[in-house]
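Asker: The structure file entry_1.cif (mmCIF, C-alpha atoms) is provided below.
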data_target
loop_
_atom_site.label_atom_id
_atom_site.label_comp_id
_atom_site.auth_asym_id
_atom_site.auth_seq_id
_atom_site.Cartn_x
_atom_site.Cartn_y
_atom_site.Cartn_z
CA MET A 1 -107.91 -1.15 -275.41
CA LYS A 2 -106.97 1.04 -278.34
CA ILE A 3 -109.02 3.42 -280.49
CA VAL A 4 -108.13 3.52 -284.20
CA LYS A 5 -109.53 6.22 -286.46
CA ILE A 6 -109.93 4.92 -290.01
CA ASN A 7 -108.37 7.08 -292.73
CA VAL A 8 -108.92 7.28 -296.49
CA ASN A 9 -106.34 4.60 -297.30
CA ASP A 10 -108.06 2.17 -294.89
CA SER A 11 -111.56 2.86 -296.16
CA GLY A 12 -113.55 0.27 -298.09
CA GLN A 13 -111.87 -2.78 -296.57
CA ARG A 14 -113.42 -5.68 -294.71
CA VAL A 15 -112.66 -5.58 -291.00
CA ASP A 16 -110.70 -8.83 -291.06
CA LYS A 17 -108.54 -7.66 -293.99
CA PHE A 18 -107.78 -4.38 -292.24
CA LEU A 19 -106.93 -6.06 -288.93
CA SER A 20 -104.62 -8.60 -290.57
CA LYS A 21 -102.52 -5.66 -291.86
CA TYR A 22 -102.84 -3.52 -288.75
CA LEU A 23 -101.97 -6.40 -286.40
CA PRO A 24 -99.37 -8.42 -288.36
CA ALA A 25 -98.08 -10.07 -285.17
CA MET A 26 -101.47 -11.62 -284.42
CA PRO A 27 -102.11 -15.12 -285.82
CA LYS A 28 -105.13 -15.28 -288.13
CA SER A 29 -106.89 -17.83 -285.90
CA LEU A 30 -106.58 -15.51 -282.91
CA LEU A 31 -107.73 -12.51 -284.94
CA TYR A 32 -110.98 -14.26 -285.88
CA LYS A 33 -111.40 -15.34 -282.27
CA GLN A 34 -111.27 -11.67 -281.19
CA LEU A 35 -114.00 -10.88 -283.71
CA ARG A 36 -116.19 -13.77 -282.53
CA LYS A 37 -115.75 -12.63 -278.92
CA LYS A 38 -116.93 -9.12 -279.93
CA ARG A 39 -113.66 -7.41 -279.03
CA VAL A 40 -113.74 -5.15 -282.10
CA LYS A 41 -116.45 -2.48 -282.02
CA ARG A 42 -117.63 0.58 -283.94
CA ASN A 43 -120.03 3.06 -282.34
CA GLY A 44 -120.51 0.60 -279.50
CA LYS A 45 -121.57 -2.20 -281.85
CA ALA A 46 -119.47 -5.33 -282.34
CA LEU A 47 -118.17 -5.88 -285.86
CA SER A 48 -118.05 -9.13 -287.79
CA ALA A 49 -115.27 -10.17 -290.16
CA GLN A 50 -117.10 -9.14 -293.34
CA ASP A 51 -118.22 -5.67 -292.19
CA ILE A 52 -116.80 -2.80 -294.26
CA ILE A 53 -114.97 0.08 -292.61
CA HIS A 54 -115.11 3.70 -293.80
CA ALA A 55 -112.99 6.83 -293.41
CA GLY A 56 -113.85 8.54 -290.12
CA ASP A 57 -114.92 5.35 -288.33
CA GLU A 58 -113.49 4.83 -284.86
CA LEU A 59 -112.70 1.23 -284.06
CA TYR A 60 -112.42 0.17 -280.43
CA LEU A 61 -110.00 -2.74 -280.18
CA TYR A 62 -110.19 -4.64 -276.89
CA ILE A 63 -107.00 -6.53 -277.65
CA CYS A 64 -103.78 -7.18 -275.69
CA ASP A 65 -101.11 -4.50 -276.13
CA GLU A 66 -98.49 -7.04 -277.22
CA PHE A 67 -100.09 -7.24 -280.67
CA PHE A 68 -99.84 -3.52 -281.38
CA THR A 69 -96.58 -2.95 -283.24
CA GLU A 70 -94.94 0.33 -284.15
CA ARG A 71 -94.84 1.15 -287.85
CA LYS A 72 -91.31 2.32 -288.55
CA ALA A 73 -89.91 4.64 -291.19
CA PRO A 74 -88.47 2.87 -294.26
CA VAL A 75 -84.70 2.48 -294.17
CA GLY A 76 -83.90 1.73 -297.82
CA ASN A 77 -81.47 3.90 -299.78
CA PHE A 78 -83.28 5.47 -302.74
CA GLU A 79 -80.09 6.76 -304.36
CA GLY A 80 -80.08 5.50 -307.93
CA LEU A 81 -83.85 5.12 -308.14
CA SER A 82 -84.86 5.91 -311.72
CA VAL A 83 -88.32 7.53 -311.87
CA VAL A 84 -89.78 7.58 -315.38
CA TYR A 85 -93.10 9.16 -314.40
CA GLU A 86 -94.77 10.35 -311.20
CA ASP A 87 -97.99 12.08 -310.16
CA ASP A 88 -100.14 12.19 -307.01
CA ASN A 89 -101.31 8.60 -307.47
CA ILE A 90 -98.62 6.52 -309.16
CA LEU A 91 -94.93 6.20 -309.80
CA ILE A 92 -93.25 4.34 -312.67
CA ALA A 93 -89.71 3.16 -311.93
CA ASP A 94 -87.09 1.75 -314.28
CA LYS A 95 -85.59 -1.29 -312.52
CA PRO A 96 -82.06 -2.41 -313.43
CA VAL A 97 -80.96 -6.02 -313.84
CA GLY A 98 -80.01 -7.70 -310.58
CA GLN A 99 -82.34 -5.77 -308.28
CA LYS A 100 -85.15 -7.60 -306.52
CA ALA A 101 -88.62 -6.08 -306.77
CA HIS A 102 -89.49 -7.07 -303.18
CA GLY A 103 -87.63 -8.10 -300.06
CA GLY A 104 -84.76 -6.34 -298.30
CA GLU A 105 -83.51 -2.78 -298.00
CA ASP A 106 -82.04 -2.84 -301.50
CA SER A 107 -85.26 -3.90 -303.23
CA LEU A 108 -87.09 -1.61 -305.62
CA LEU A 109 -90.10 -1.42 -303.30
CA SER A 110 -87.93 -0.37 -300.36
CA GLN A 111 -86.31 2.31 -302.51
CA ILE A 112 -89.69 3.67 -303.59
CA GLN A 113 -91.07 3.73 -300.04
CA SER A 114 -87.95 5.53 -298.77
CA TYR A 115 -88.14 8.03 -301.64
CA LEU A 116 -91.80 8.84 -300.90
CA TYR A 117 -91.07 9.05 -297.17
CA GLN A 118 -88.31 11.61 -297.77
CA LYS A 119 -90.69 13.62 -299.99
CA GLY A 120 -93.32 13.61 -297.24
CA GLU A 121 -95.81 11.63 -299.33
CA TYR A 122 -95.71 8.52 -297.15
CA ASP A 123 -95.62 8.44 -293.36
CA PRO A 124 -95.91 4.95 -291.79
CA GLU A 125 -96.84 6.45 -288.42
CA LYS A 126 -100.00 7.95 -289.96
CA GLU A 127 -100.99 4.79 -291.81
CA HIS A 128 -102.74 1.81 -290.22
CA SER A 129 -102.81 -0.70 -293.06
CA PHE A 130 -101.45 0.88 -296.24
CA ALA A 131 -97.94 1.19 -297.63
CA PRO A 132 -96.96 2.11 -301.19
CA ALA A 133 -96.97 -1.11 -303.21
CA LEU A 134 -95.92 -2.47 -306.59
CA SER A 135 -98.76 -3.23 -309.00
CA ASN A 136 -96.73 -5.34 -311.39
CA ARG A 137 -93.65 -7.45 -310.86
CA ILE A 138 -90.68 -8.43 -312.96
CA ASP A 139 -87.95 -10.95 -312.18
CA ARG A 140 -84.76 -9.91 -310.44
CA ASN A 141 -82.78 -10.39 -313.65
CA THR A 142 -85.32 -8.69 -315.91
CA CYS A 143 -84.89 -4.94 -316.34
CA GLY A 144 -87.55 -2.38 -317.12
CA LEU A 145 -90.69 -0.60 -315.99
CA VAL A 146 -92.54 -1.29 -312.74
CA LEU A 147 -95.73 0.44 -311.56
CA ALA A 148 -96.17 1.55 -307.96
CA ALA A 149 -99.32 2.86 -306.24
CA LYS A 150 -98.96 5.76 -303.81
CA ASN A 151 -102.35 5.34 -302.15
CA ALA A 152 -105.08 2.72 -301.70
CA HIS A 153 -107.33 4.22 -304.40
CA ALA A 154 -104.51 4.04 -306.94
CA GLN A 155 -103.70 0.49 -305.88
CA ARG A 156 -107.29 -0.63 -306.51
CA VAL A 157 -107.47 1.15 -309.88
CA LEU A 158 -104.16 -0.25 -311.13
CA ASN A 159 -105.05 -3.78 -310.06
CA GLU A 160 -108.44 -3.53 -311.79
CA LYS A 161 -106.99 -2.07 -315.00
CA ILE A 162 -104.19 -4.63 -315.20
CA LYS A 163 -106.70 -7.44 -314.69
CA ALA A 164 -108.94 -5.97 -317.40
CA GLY A 165 -106.03 -5.67 -319.84
CA GLU A 166 -106.26 -1.87 -319.92
CA ILE A 167 -102.61 -1.40 -319.00
CA ARG A 168 -100.62 -2.92 -321.83
CA LYS A 169 -97.20 -4.38 -321.02
CA GLU A 170 -94.68 -4.79 -323.83
CA TYR A 171 -91.27 -6.44 -323.69
CA ARG A 172 -88.17 -6.76 -325.80
CA CYS A 173 -85.98 -9.84 -325.70
CA LEU A 174 -83.02 -11.31 -327.52
CA VAL A 175 -83.44 -14.98 -328.40
CA HIS A 176 -81.53 -17.76 -330.08
CA GLY A 177 -82.46 -18.69 -333.65
CA ARG A 178 -84.35 -17.19 -336.57
CA PHE A 179 -88.10 -17.26 -337.19
CA THR A 180 -89.85 -18.41 -340.33
CA GLU A 181 -92.64 -15.86 -339.70
CA SER A 182 -92.03 -12.22 -338.74
CA LYS A 183 -95.07 -12.20 -336.42
CA GLY A 184 -96.87 -14.82 -334.42
CA GLU A 185 -98.73 -15.87 -331.30
CA LEU A 186 -97.75 -18.39 -328.65
CA GLU A 187 -100.29 -20.07 -326.41
CA ASN A 188 -99.51 -22.82 -323.90
CA TRP A 189 -100.67 -24.35 -320.64
CA LEU A 190 -98.18 -23.63 -317.87
CA ALA A 191 -97.62 -25.14 -314.44
CA ILE A 192 -95.30 -23.84 -311.71
CA SER A 193 -92.85 -26.11 -309.93
CA THR A 194 -92.25 -24.47 -306.54
CA THR A 195 -89.39 -26.82 -305.70
CA GLU A 196 -87.49 -25.84 -308.86
CA ASN A 197 -88.74 -22.23 -309.00
CA ARG A 198 -89.44 -22.70 -312.68
CA VAL A 199 -92.39 -23.11 -315.02
CA HIS A 200 -93.17 -26.02 -317.32
CA VAL A 201 -95.32 -26.32 -320.42
CA VAL A 202 -97.87 -29.06 -319.70
CA PRO A 203 -100.77 -30.72 -321.55
CA GLU A 204 -104.00 -28.74 -321.75
CA GLY A 205 -106.16 -29.05 -318.67
CA THR A 206 -103.40 -30.37 -316.39
CA LYS A 207 -104.36 -29.87 -312.75
CA GLY A 208 -103.05 -26.58 -311.41
CA SER A 209 -102.12 -25.28 -314.86
CA VAL A 210 -103.12 -21.99 -316.48
CA THR A 211 -103.16 -20.74 -320.06
CA ALA A 212 -100.57 -18.22 -321.23
CA GLN A 213 -100.70 -16.13 -324.40
CA LEU A 214 -98.35 -13.66 -326.00
CA LEU A 215 -97.78 -11.97 -329.34
CA TYR A 216 -94.31 -11.58 -330.82
CA GLU A 217 -92.79 -9.62 -333.69
CA VAL A 218 -89.26 -9.95 -335.03
CA LEU A 219 -87.58 -6.53 -334.99
CA HIS A 220 -84.09 -7.48 -336.09
CA GLU A 221 -82.00 -10.54 -336.90
CA GLN A 222 -78.25 -10.86 -336.65
CA GLY A 223 -76.57 -14.16 -337.22
CA GLU A 224 -78.50 -16.80 -335.31
CA ARG A 225 -80.13 -14.37 -332.91
CA SER A 226 -83.39 -12.43 -333.13
CA LEU A 227 -84.56 -9.31 -331.31
CA LEU A 228 -88.27 -9.60 -330.52
CA HIS A 229 -91.05 -7.28 -329.48
CA VAL A 230 -93.46 -9.15 -327.18
CA THR A 231 -96.94 -8.10 -326.05
CA LEU A 232 -98.46 -10.01 -323.15
CA LEU A 233 -102.06 -11.14 -323.38
CA THR A 234 -101.94 -12.86 -319.97
CA GLY A 235 -99.96 -12.33 -316.79
CA ARG A 236 -98.10 -15.54 -315.92
CA LYS A 237 -94.83 -16.26 -314.15
CA HIS A 238 -91.92 -16.66 -316.59
CA GLN A 239 -94.38 -16.86 -319.50
CA ILE A 240 -92.09 -15.20 -322.06
CA ARG A 241 -89.06 -17.23 -321.08
CA VAL A 242 -90.74 -20.64 -320.96
CA GLN A 243 -92.92 -20.24 -324.06
CA LEU A 244 -90.09 -19.05 -326.29
CA ALA A 245 -87.87 -21.83 -324.97
CA GLU A 246 -90.64 -24.33 -325.78
CA ALA A 247 -90.77 -22.90 -329.30
CA GLY A 248 -87.04 -23.57 -329.70
CA HIS A 249 -85.94 -19.95 -329.10
CA PRO A 250 -84.66 -19.60 -325.51
CA LEU A 251 -83.70 -16.11 -324.40
CA VAL A 252 -80.00 -15.37 -324.66
CA GLY A 253 -78.40 -15.90 -321.25
CA ASP A 254 -81.40 -17.77 -319.85
CA THR A 255 -79.65 -20.97 -318.75
CA LYS A 256 -82.64 -21.91 -316.57
CA TYR A 257 -84.68 -22.50 -319.71
CA GLY A 258 -82.07 -24.15 -321.89
CA ALA A 259 -79.90 -21.37 -323.31
CA PRO A 260 -76.11 -21.90 -323.36
CA ARG A 261 -73.98 -19.70 -321.14
CA ASP A 262 -73.12 -16.34 -322.69
CA ALA A 263 -70.11 -14.17 -321.86
CA LYS A 264 -72.07 -10.93 -322.29
CA TYR A 265 -75.40 -11.95 -320.75
CA ALA A 266 -75.14 -13.48 -317.29
CA TYR A 267 -78.92 -13.10 -317.10
CA GLN A 268 -81.87 -13.46 -319.45
CA ALA A 269 -81.89 -10.80 -322.18
CA LEU A 270 -85.34 -9.46 -321.35
CA CYS A 271 -86.63 -5.94 -320.75
CA ALA A 272 -90.12 -4.75 -319.72
CA TYR A 273 -89.61 -1.78 -321.96
CA LYS A 274 -93.06 -0.20 -322.43
CA LEU A 275 -96.27 0.51 -320.49
CA THR A 276 -99.35 1.90 -322.19
CA PHE A 277 -102.46 3.15 -320.38
CA ALA A 278 -105.34 2.10 -322.64
CA PHE A 279 -108.33 2.80 -320.40
CA THR A 280 -111.72 2.18 -321.97
CA SER A 281 -113.60 4.38 -319.49
CA PRO A 282 -112.82 7.52 -317.43
CA THR A 283 -111.04 6.80 -314.16
CA GLU A 284 -110.94 9.33 -311.34
CA GLY A 285 -107.45 10.69 -310.85
CA PHE A 286 -106.07 8.93 -313.93
CA GLU A 287 -107.62 10.95 -316.74
CA ASN A 288 -104.27 12.44 -317.78
CA LEU A 289 -102.73 9.00 -318.30
CA CYS A 290 -105.19 7.52 -320.78
CA GLY A 291 -103.51 6.91 -324.12
CA HIS A 292 -100.01 7.64 -322.83
CA SER A 293 -97.04 5.29 -323.06
CA PHE A 294 -93.75 5.19 -321.16
CA GLU A 295 -90.54 3.46 -322.17
CA SER A 296 -87.53 2.07 -320.33
CA ARG A 297 -84.08 3.54 -320.86
CA PHE A 298 -82.52 0.08 -321.01
CA LEU A 299 -81.56 -1.45 -324.32
CA LEU A 300 -80.68 -5.06 -325.09
#
Would you mind giving the structure from this file in C-alpha cells?
Answerer:
Amino acid sequence: MKIVKINVNDSGQRVDKFLSKYLPAMPKSLLYKQLRKKRVKRNGKALSAQDIIHAGDELYLYICDEFFTERKAPVGNFEGLSVVYEDDNILIADKPVGQKAHGGEDSLLSQIQSYLYQKGEYDPEKEHSFAPALSNRIDRNTCGLVLAAKNAHAQRVLNEKIKAGEIRKEYRCLVHGRFTESKGELENWLAISTTENRVHVVPEGTKGSVTAQLLYEVLHEQGERSLLHVTLLTGRKHQIRVQLAEAGHPLVGDTKYGAPRDAKYAYQALCAYKLTFAFTSPTEGFENLCGHSFESRFLL
C-alpha cells in the first residue's frame, strides 16, 4: 500500500487519467480492475474512474509494489537550447532543423526538461503525473518556435487557447514557382497515410479525412521561386507542405511532396517563424502575454 498526496499539478484530473501517468508500468485493463475492486481510496472511500482529484487529497493505493516506478531526473543536454521567451508558466524555444521535438535525449523536449531541472523549476521526484510538455509540434526538419508549458495550469491554458485559435502561428516557406495572385487561401480535405508517414489531399467527406485551411501571402519572388508568409487557420499534420504541393508549388527541398532535390536545402524550406498571443479574454497568469508576438531567429 502506498499513500500519495496530490499536488497542484495533479489537481483537477480524473482518477483514471492520473493513475495512468503515475503508474505507467500498469496495463490499462489492470488499472481499471484495481478501481473496480476498490483498491484506490480517498478519506476511506473507494474512488471510481471518473472521480476528480484535488490538491491536498491523500490517495491510498492498495496496489502491488512492482507497479510503482521511480521518476528519474532528465538526462538530456540542454547546451544549445535557444530560449526566445520564458516566464513562470511557459517557455518558447527556437528549434533548429534536424532536431526532433519528442523522443530521445537529444530531442527539444528533453533539452527543455533538463534545462528546467537544472534551474530548480522541475523536479521529477516531487511530481506524480506532470512533466513539462510541448504545446505545439513542428516536424524534425522544420525550424522555428515551439511552446512549452512549465506546469499543469499552463498546459491546460495553452491547449485551450490553441484550440480556440487565440495563439496565432505564422510560417515562412520558400516554394517553387510564381503566383498569379499575391494573396490567397488554400482549403483541402486531408487524410494521413500511416504506412507512408505522409498526407494526401482527398475528396471532400472521405472517411477519416479532415479539412485544412491556410492563408498565404507572397513576400518576394526570385526567378522561379517565391517566399511566402503563411498563417494557419487549422492545425493539421503537414498541411502547409501538402496543400502547397497540391497547388503546384512544393516547398523547396521537400522531396516527400514532389520537389526536386536541392543542393542547398536537404530539408523542406519551412520555418515556424512567429507566435502571437491574441487572447480574447483575461487569462490568469498570462495577462502580460496578450497582444505580444515572438519571432524565430532563423531565416530561409
Asker: So, counting only C-alpha atoms, which residue among A:Pro27, A:Pro96, A:Gly12, A:Gly184 is closest to A:Ala55?
Answerer: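 Residue with the minimum atom-to-atom distance to A:Ala55: A:Gly12.
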Asker: Kindly indicate which residue among A:His54, A:Arg241, A:Arg39, A:Arg225 lies nearest to A:Arg14, using all atoms listed in the file for the distances.
Answerer: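 Residue with the minimum atom-to-atom distance to A:Arg14: A:His54.
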Asker: Just checking: using all atoms listed in the file, which residue out of A:Gln34, A:Ser209, A:Thr180, A:Asn136 ends up closest to A:Leu91?
Answerer: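 Using all atoms listed in the file, the shortest distance to A:Leu91 belongs to A:Asn136.
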Asker: Please, what distance in Å, to one decimal, runs between atom CA of A:Ser82 and atom CA of A:Ser135?
Answerer: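 Separating atom CA of A:Ser82 from atom CA of A:Ser135 is a distance of 16.9 Å.
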Asker: Atom CA of A:Ser226 and atom CA of A:Arg168, how far apart in Å?
Answerer: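 Interatomic distance, atom CA of A:Arg168 to atom CA of A:Ser226: 22.7 Å.
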Asker: Which residues fall under the PyMOL selection byres ((chain A and resi 170) around 8) in this file, as an MDAnalysis selection string?
Answerer: chainID A and resid 168:169 171:172 229:232 272:275
Asker: Can you write just those residues out, C-alpha atoms, as a PDB file, in the frame of the given file?
Answerer:
ATOM      1  CA  ARG A 168    -100.620  -2.920-321.830  1.00  0.00           C
ATOM      2  CA  LYS A 169     -97.200  -4.380-321.020  1.00  0.00           C
ATOM      3  CA  TYR A 171     -91.270  -6.440-323.690  1.00  0.00           C
ATOM      4  CA  ARG A 172     -88.170  -6.760-325.800  1.00  0.00           C
ATOM      5  CA  HIS A 229     -91.050  -7.280-329.480  1.00  0.00           C
ATOM      6  CA  VAL A 230     -93.460  -9.150-327.180  1.00  0.00           C
ATOM      7  CA  THR A 231     -96.940  -8.100-326.050  1.00  0.00           C
ATOM      8  CA  LEU A 232     -98.460 -10.010-323.150  1.00  0.00           C
ATOM      9  CA  ALA A 272     -90.120  -4.750-319.720  1.00  0.00           C
ATOM     10  CA  TYR A 273     -89.610  -1.780-321.960  1.00  0.00           C
ATOM     11  CA  LYS A 274     -93.060  -0.200-322.430  1.00  0.00           C
ATOM     12  CA  LEU A 275     -96.270   0.510-320.490  1.00  0.00           C
TER      13      LEU A 275
END
Asker: Decode the PyMOL selection byres ((chain A and resi 116) around 12) for the given file into explicit residues and return them as a PDB file with C-alpha atoms, in the coordinates of the input.
Answerer:
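Output contents, as saved in out_12.pdb:
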ATOM      1  CA  ALA A  73     -89.910   4.640-291.190  1.00  0.00           C
ATOM      2  CA  PRO A  74     -88.470   2.870-294.260  1.00  0.00           C
ATOM      3  CA  VAL A  75     -84.700   2.480-294.170  1.00  0.00           C
ATOM      4  CA  GLY A  76     -83.900   1.730-297.820  1.00  0.00           C
ATOM      5  CA  ASN A  77     -81.470   3.900-299.780  1.00  0.00           C
ATOM      6  CA  PHE A  78     -83.280   5.470-302.740  1.00  0.00           C
ATOM      7  CA  LEU A  81     -83.850   5.120-308.140  1.00  0.00           C
ATOM      8  CA  VAL A  83     -88.320   7.530-311.870  1.00  0.00           C
ATOM      9  CA  GLU A  86     -94.770  10.350-311.200  1.00  0.00           C
ATOM     10  CA  ASP A  87     -97.990  12.080-310.160  1.00  0.00           C
ATOM     11  CA  ASP A  88    -100.140  12.190-307.010  1.00  0.00           C
ATOM     12  CA  ASN A  89    -101.310   8.600-307.470  1.00  0.00           C
ATOM     13  CA  ILE A  90     -98.620   6.520-309.160  1.00  0.00           C
ATOM     14  CA  LEU A  91     -94.930   6.200-309.800  1.00  0.00           C
ATOM     15  CA  LEU A 109     -90.100  -1.420-303.300  1.00  0.00           C
ATOM     16  CA  SER A 110     -87.930  -0.370-300.360  1.00  0.00           C
ATOM     17  CA  GLN A 111     -86.310   2.310-302.510  1.00  0.00           C
ATOM     18  CA  ILE A 112     -89.690   3.670-303.590  1.00  0.00           C
ATOM     19  CA  GLN A 113     -91.070   3.730-300.040  1.00  0.00           C
ATOM     20  CA  SER A 114     -87.950   5.530-298.770  1.00  0.00           C
ATOM     21  CA  TYR A 115     -88.140   8.030-301.640  1.00  0.00           C
ATOM     22  CA  TYR A 117     -91.070   9.050-297.170  1.00  0.00           C
ATOM     23  CA  GLN A 118     -88.310  11.610-297.770  1.00  0.00           C
ATOM     24  CA  LYS A 119     -90.690  13.620-299.990  1.00  0.00           C
ATOM     25  CA  GLY A 120     -93.320  13.610-297.240  1.00  0.00           C
ATOM     26  CA  GLU A 121     -95.810  11.630-299.330  1.00  0.00           C
ATOM     27  CA  TYR A 122     -95.710   8.520-297.150  1.00  0.00           C
ATOM     28  CA  ASP A 123     -95.620   8.440-293.360  1.00  0.00           C
ATOM     29  CA  PRO A 124     -95.910   4.950-291.790  1.00  0.00           C
ATOM     30  CA  ALA A 131     -97.940   1.190-297.630  1.00  0.00           C
ATOM     31  CA  PRO A 132     -96.960   2.110-301.190  1.00  0.00           C
ATOM     32  CA  ALA A 133     -96.970  -1.110-303.210  1.00  0.00           C
ATOM     33  CA  ALA A 148     -96.170   1.550-307.960  1.00  0.00           C
ATOM     34  CA  ALA A 149     -99.320   2.860-306.240  1.00  0.00           C
ATOM     35  CA  LYS A 150     -98.960   5.760-303.810  1.00  0.00           C
ATOM     36  CA  ASN A 151    -102.350   5.340-302.150  1.00  0.00           C
TER      37      ASN A 151
END
Asker: At what distance in Å, to one decimal, does atom CA of A:Gly165 lie from atom CA of A:Val210?
Answerer: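 The value is 16.9 Å.
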Asker: Which residue, A:Gly144, A:Gly208, A:Pro282, A:Gly44, has the smallest gap to A:Leu300 when you use only C-alpha atoms?
Answerer: A:Gly144
Asker: Applying the PyMOL selection byres ((chain A and resi 25) around 8) to the file I just gave you, which residues come out? Please list them as number ranges by chain.
Answerer: A: 23-24, 26-27, 67-69
Asker: What would the list of residues within 12 Å of (-100.1, -29.6, -319.4) (file frame) look like as a list in words, if all atoms listed in the file are what count?
Answerer: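 Here is the list of nearby residues: Glu187, Asn188, Trp189, Leu190, Ala191, Ile192, Val199, His200, Val201, Val202, Pro203, Glu204, Gly205, Thr206, Lys207, Gly208, Ser209, Val210, Thr211 and Ala212 of chain A.
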Asker: Could you save the residues just selected, with C-alpha atoms, as a PDB file, keeping the file's coordinate frame?
Answerer:
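Contents of selection-v9.pdb, freshly written:
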ATOM      1  CA  GLU A 187    -100.290 -20.070-326.410  1.00  0.00           C
ATOM      2  CA  ASN A 188     -99.510 -22.820-323.900  1.00  0.00           C
ATOM      3  CA  TRP A 189    -100.670 -24.350-320.640  1.00  0.00           C
ATOM      4  CA  LEU A 190     -98.180 -23.630-317.870  1.00  0.00           C
ATOM      5  CA  ALA A 191     -97.620 -25.140-314.440  1.00  0.00           C
ATOM      6  CA  ILE A 192     -95.300 -23.840-311.710  1.00  0.00           C
ATOM      7  CA  VAL A 199     -92.390 -23.110-315.020  1.00  0.00           C
ATOM      8  CA  HIS A 200     -93.170 -26.020-317.320  1.00  0.00           C
ATOM      9  CA  VAL A 201     -95.320 -26.320-320.420  1.00  0.00           C
ATOM     10  CA  VAL A 202     -97.870 -29.060-319.700  1.00  0.00           C
ATOM     11  CA  PRO A 203    -100.770 -30.720-321.550  1.00  0.00           C
ATOM     12  CA  GLU A 204    -104.000 -28.740-321.750  1.00  0.00           C
ATOM     13  CA  GLY A 205    -106.160 -29.050-318.670  1.00  0.00           C
ATOM     14  CA  THR A 206    -103.400 -30.370-316.390  1.00  0.00           C
ATOM     15  CA  LYS A 207    -104.360 -29.870-312.750  1.00  0.00           C
ATOM     16  CA  GLY A 208    -103.050 -26.580-311.410  1.00  0.00           C
ATOM     17  CA  SER A 209    -102.120 -25.280-314.860  1.00  0.00           C
ATOM     18  CA  VAL A 210    -103.120 -21.990-316.480  1.00  0.00           C
ATOM     19  CA  THR A 211    -103.160 -20.740-320.060  1.00  0.00           C
ATOM     20  CA  ALA A 212    -100.570 -18.220-321.230  1.00  0.00           C
TER      21      ALA A 212
END
Asker: Go through A:His176, A:Asp16, A:Asp65, A:Lys37 one by one, measure the shortest atom-to-atom distance of each to A:Arg261 using only C-alpha atoms, and give the residue with the smallest value.
Answerer: A:His176
Asker: Using all atoms listed in the file, find all polymer residues with an atom at most 12 Å away from the point (-114.3, 8.6, -284.4); report them as a ChimeraX atom specification.
Answerer: /A:3-7,41-44,53-60
Asker: Using all atoms listed in the file, which residue out of A:Lys161, A:His102, A:Lys2, A:Arg156 lies closest to A:Ser281?
Answerer: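 Smallest separation from A:Ser281 among the options: A:Lys161.
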Asker: Might you pull out every residue within 10 Å of A:Tyr267, with only C-alpha atoms counted and same-chain residues fewer than 2 positions away left off, and present them as a list in words?
Answerer: Val97, Gly98, Arg140, Asn141, Thr142, Leu251, Val252, Gly253, Asp254, Thr255, Lys256, Arg261, Asp262, Lys264, Tyr265, Ala269 and Leu270 of chain A
Asker: Name all residues at most 6 Å from A:Met1 (count only C-alpha atoms; drop same-chain ones fewer than 2 positions away) and give them as a count of residues only.
Answerer: 3
Asker: Residues near A:Leu228, anyone? I mean within 8 Å using all atoms listed in the file, not counting same-chain ones fewer than 4 positions away, as a PyMOL selection string.
Answerer: chain A and resi 172-175+216-220
